[in-house]
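A.B. asks: Next up, coords.cif (mmCIF, C-alpha atoms).
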data_data
#
loop_
_atom_site.group_PDB
_atom_site.id
_atom_site.type_symbol
_atom_site.label_atom_id
_atom_site.label_comp_id
_atom_site.auth_asym_id
_atom_site.auth_seq_id
_atom_site.Cartn_x
_atom_site.Cartn_y
_atom_site.Cartn_z
ATOM 1 C CA MET Y 4 3.975 8.745 2.367
ATOM 2 C CA PHE Y 5 1.997 7.581 5.386
ATOM 3 C CA SER Y 6 -0.692 10.228 5.017
ATOM 4 C CA ALA Y 7 -0.974 9.284 1.345
ATOM 5 C CA HIS Y 8 -1.361 5.656 2.431
ATOM 6 C CA ALA Y 9 -4.260 6.533 4.716
ATOM 7 C CA ALA Y 10 -6.022 8.491 1.978
ATOM 8 C CA LEU Y 11 -5.399 5.826 -0.665
ATOM 9 C CA ALA Y 12 -6.515 3.019 1.644
ATOM 10 C CA ALA Y 13 -9.779 4.793 2.442
ATOM 11 C CA LEU Y 14 -10.383 5.565 -1.229
ATOM 12 C CA THR Y 15 -9.626 1.993 -2.298
ATOM 13 C CA MET Y 16 -11.897 0.517 0.365
ATOM 14 C CA GLN Y 17 -14.750 2.806 -0.685
ATOM 15 C CA LYS Y 18 -14.294 1.911 -4.339
ATOM 16 C CA GLY Y 19 -14.340 -1.773 -3.414
ATOM 17 C CA ILE Y 20 -17.523 -1.371 -1.395
ATOM 18 C CA ASP Y 21 -19.144 0.586 -4.223
ATOM 19 C CA GLY Y 22 -18.030 -1.899 -6.871
ATOM 20 C CA ALA Y 23 -16.451 1.000 -8.736
ATOM 21 C CA LYS Y 24 -15.007 0.304 -12.170
ATOM 22 C CA ASP Y 25 -11.752 2.005 -11.202
ATOM 23 C CA PHE Y 26 -11.157 -0.099 -8.082
ATOM 24 C CA GLU Y 27 -8.200 -1.878 -9.720
ATOM 25 C CA ALA Y 28 -6.576 1.463 -10.564
ATOM 26 C CA ALA Y 29 -6.997 2.659 -6.987
ATOM 27 C CA ALA Y 30 -5.570 -0.613 -5.663
ATOM 28 C CA ALA Y 31 -2.593 -0.267 -8.006
ATOM 29 C CA GLU Y 32 -1.926 3.226 -6.691
ATOM 30 C CA LEU Y 33 -2.094 1.917 -3.123
ATOM 31 C CA ASN Y 34 0.395 -0.803 -4.080
ATOM 32 C CA GLU Y 35 2.727 1.823 -5.563
ATOM 33 C CA ASN Y 36 2.559 3.693 -2.270
ATOM 34 C CA THR Y 37 3.494 0.467 -0.473
ATOM 35 C CA ASP Y 38 6.487 0.132 -2.793
ATOM 36 C CA ASP Y 39 7.546 3.708 -1.991
ATOM 37 C CA ILE Y 40 7.323 3.111 1.754
ATOM 38 C CA THR Y 41 9.180 -0.181 1.381
ATOM 39 C CA ALA Y 42 11.983 1.587 -0.503
ATOM 40 C CA ALA Y 43 12.310 4.049 2.367
ATOM 41 C CA VAL Y 44 12.495 1.177 4.856
ATOM 42 C CA GLU Y 45 15.110 -0.530 2.684
ATOM 43 C CA SER Y 46 17.303 2.573 2.734
ATOM 44 C CA VAL Y 47 17.587 2.185 6.507
ATOM 45 C CA TYR Y 48 17.205 -1.564 7.179
ATOM 46 C CA GLY Y 49 18.407 -3.166 3.944
ATOM 47 C CA ALA Y 50 16.722 -5.587 1.584
ATOM 48 C CA GLU Y 51 15.935 -8.221 4.214
ATOM 49 C CA GLY Y 52 14.308 -5.702 6.538
ATOM 50 C CA ALA Y 53 12.366 -4.219 3.640
ATOM 51 C CA ALA Y 54 11.089 -7.634 2.574
ATOM 52 C CA GLN Y 55 9.879 -8.371 6.096
ATOM 53 C CA PHE Y 56 8.281 -4.940 6.346
ATOM 54 C CA LYS Y 57 6.491 -5.316 3.004
ATOM 55 C CA GLU Y 58 5.054 -8.699 3.983
ATOM 56 C CA ILE Y 59 3.656 -7.325 7.246
ATOM 57 C CA TRP Y 60 2.525 -4.016 5.719
ATOM 58 C CA SER Y 61 0.775 -5.713 2.813
ATOM 59 C CA SER Y 62 -1.055 -8.106 5.130
ATOM 60 C CA HIS Y 63 -2.637 -5.203 7.018
ATOM 61 C CA ILE Y 64 -4.053 -3.812 3.768
ATOM 62 C CA GLY Y 65 -5.724 -7.108 2.874
ATOM 63 C CA TYR Y 66 -8.175 -6.233 0.110
#
Show this structure as structure tokens.
C.D. replies:
Amino acid sequence: MFSAHAALAALTMQKGIDGAKDFEAAAAELNENTDDITAAVESVYGAEGAAQFKEIWSSHIGY
């Protein structure tokens, strides 16, 4: 999941820089990856921990 995040983040940033028509689709895929990682965090730390993680994780993406 984390290697997919790195690849998706790089792809999404490049599409944003290029003004690509499919930027929104790439961003949606990156958001889905965030949801997958958050679900994994929730399985260990519960809903409250997952919510805190998602807030911090999403802020580092910041597109």
A.B. asks: Evaluating the PyMOL selection byres ((chain Y and resi 60-66) around 8) on the displayed file yields which residues, as a ChimeraX atom specification?
C.D. replies: /Y:12,16,37,56-59
A.B. asks: Quick check, in Å to one decimal: how far apart do CA of Ala30 in chain Y and CA of Thr15 in chain Y lie?
C.D. replies: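 It comes out at 5.9 Å.
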A.B. asks: Using only C-alpha atoms for the distances, tell me which of Y:Ala23, Y:Ala9, Y:Leu14, Y:Ala54 is nearest to Asp38 in chain Y.
C.D. replies: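 Closest to Asp38 in chain Y, using only C-alpha atoms: Y:Ala54.
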A.B. asks: Taking (11.7, -3.4, 7.7) as a centre in this file's frame and 12 Å as the limit, can you find every polymer residue with an atom that close, using all atoms listed in the file, and give them as a list in words?
C.D. replies: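 Here the neighbourhood of the point contains Ile40, Thr41, Ala42, Ala43, Val44, Glu45, Ser46, Val47, Tyr48, Gly49, Ala50, Glu51, Gly52, Ala53, Ala54, Gln55, Phe56, Lys57, Glu58, Ile59 and Trp60 of chain Y.
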A.B. asks: Could you please determine the separation between CA of Asp25 in chain Y and CA of Leu11 in chain Y in Å, to one decimal place?
C.D. replies: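 Distance between the two atoms: 12.9 Å.
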A.B. asks: May I ask for the distance between CA of Ile20 in chain Y and CA of Asp39 in chain Y, given in Å to one decimal place?
C.D. replies: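 One can read the CA of Ile20 in chain Y to CA of Asp39 in chain Y distance as 25.6 Å.
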A.B. asks: Only N, CA and C atoms, as a tab-separated table (two decimals), in the first residue's frame: that is what I want for range 43-59 of chain Y.
C.D. replies:
chain	number	residue	atom	x	y	z
Y	43	ALA	N	-6.38	-0.17	7.23
Y	43	ALA	CA	-5.35	-1.00	7.87
Y	43	ALA	C	-5.00	-0.44	9.24
Y	44	VAL	N	-4.87	0.87	9.33
Y	44	VAL	CA	-4.58	1.51	10.62
Y	44	VAL	C	-5.73	1.26	11.60
Y	45	GLU	N	-6.95	1.35	11.11
Y	45	GLU	CA	-8.12	1.13	11.95
Y	45	GLU	C	-8.15	-0.28	12.52
Y	46	SER	N	-7.70	-1.25	11.75
Y	46	SER	CA	-7.71	-2.64	12.22
Y	46	SER	C	-6.80	-2.84	13.43
Y	47	VAL	N	-5.85	-1.95	13.61
Y	47	VAL	CA	-4.91	-2.05	14.74
Y	47	VAL	C	-5.27	-1.05	15.84
Y	48	TYR	N	-5.59	0.20	15.46
Y	48	TYR	CA	-5.75	1.29	16.43
Y	48	TYR	C	-7.18	1.74	16.64
Y	49	GLY	N	-8.13	1.14	15.94
Y	49	GLY	CA	-9.53	1.51	16.11
Y	49	GLY	C	-9.91	2.75	15.31
Y	50	ALA	N	-11.20	3.08	15.40
Y	50	ALA	CA	-11.75	4.17	14.60
Y	50	ALA	C	-11.13	5.52	14.95
Y	51	GLU	N	-10.93	5.77	16.24
Y	51	GLU	CA	-10.36	7.06	16.65
Y	51	GLU	C	-8.94	7.23	16.13
Y	52	GLY	N	-8.14	6.18	16.26
Y	52	GLY	CA	-6.77	6.23	15.76
Y	52	GLY	C	-6.74	6.39	14.25
Y	53	ALA	N	-7.66	5.71	13.57
Y	53	ALA	CA	-7.72	5.81	12.11
Y	53	ALA	C	-8.11	7.21	11.67
Y	54	ALA	N	-9.04	7.82	12.39
Y	54	ALA	CA	-9.47	9.18	12.04
Y	54	ALA	C	-8.31	10.17	12.21
Y	55	GLN	N	-7.56	10.01	13.28
Y	55	GLN	CA	-6.40	10.89	13.50
Y	55	GLN	C	-5.35	10.66	12.42
Y	56	PHE	N	-5.10	9.38	12.11
Y	56	PHE	CA	-4.14	9.06	11.07
Y	56	PHE	C	-4.54	9.69	9.74
Y	57	LYS	N	-5.82	9.52	9.36
Y	57	LYS	CA	-6.27	10.01	8.06
Y	57	LYS	C	-6.13	11.52	7.96
Y	58	GLU	N	-6.42	12.22	9.04
Y	58	GLU	CA	-6.27	13.68	9.03
Y	58	GLU	C	-4.82	14.08	8.77
Y	59	ILE	N	-3.90	13.45	9.48
Y	59	ILE	CA	-2.48	13.76	9.32
Y	59	ILE	C	-1.99	13.32	7.94
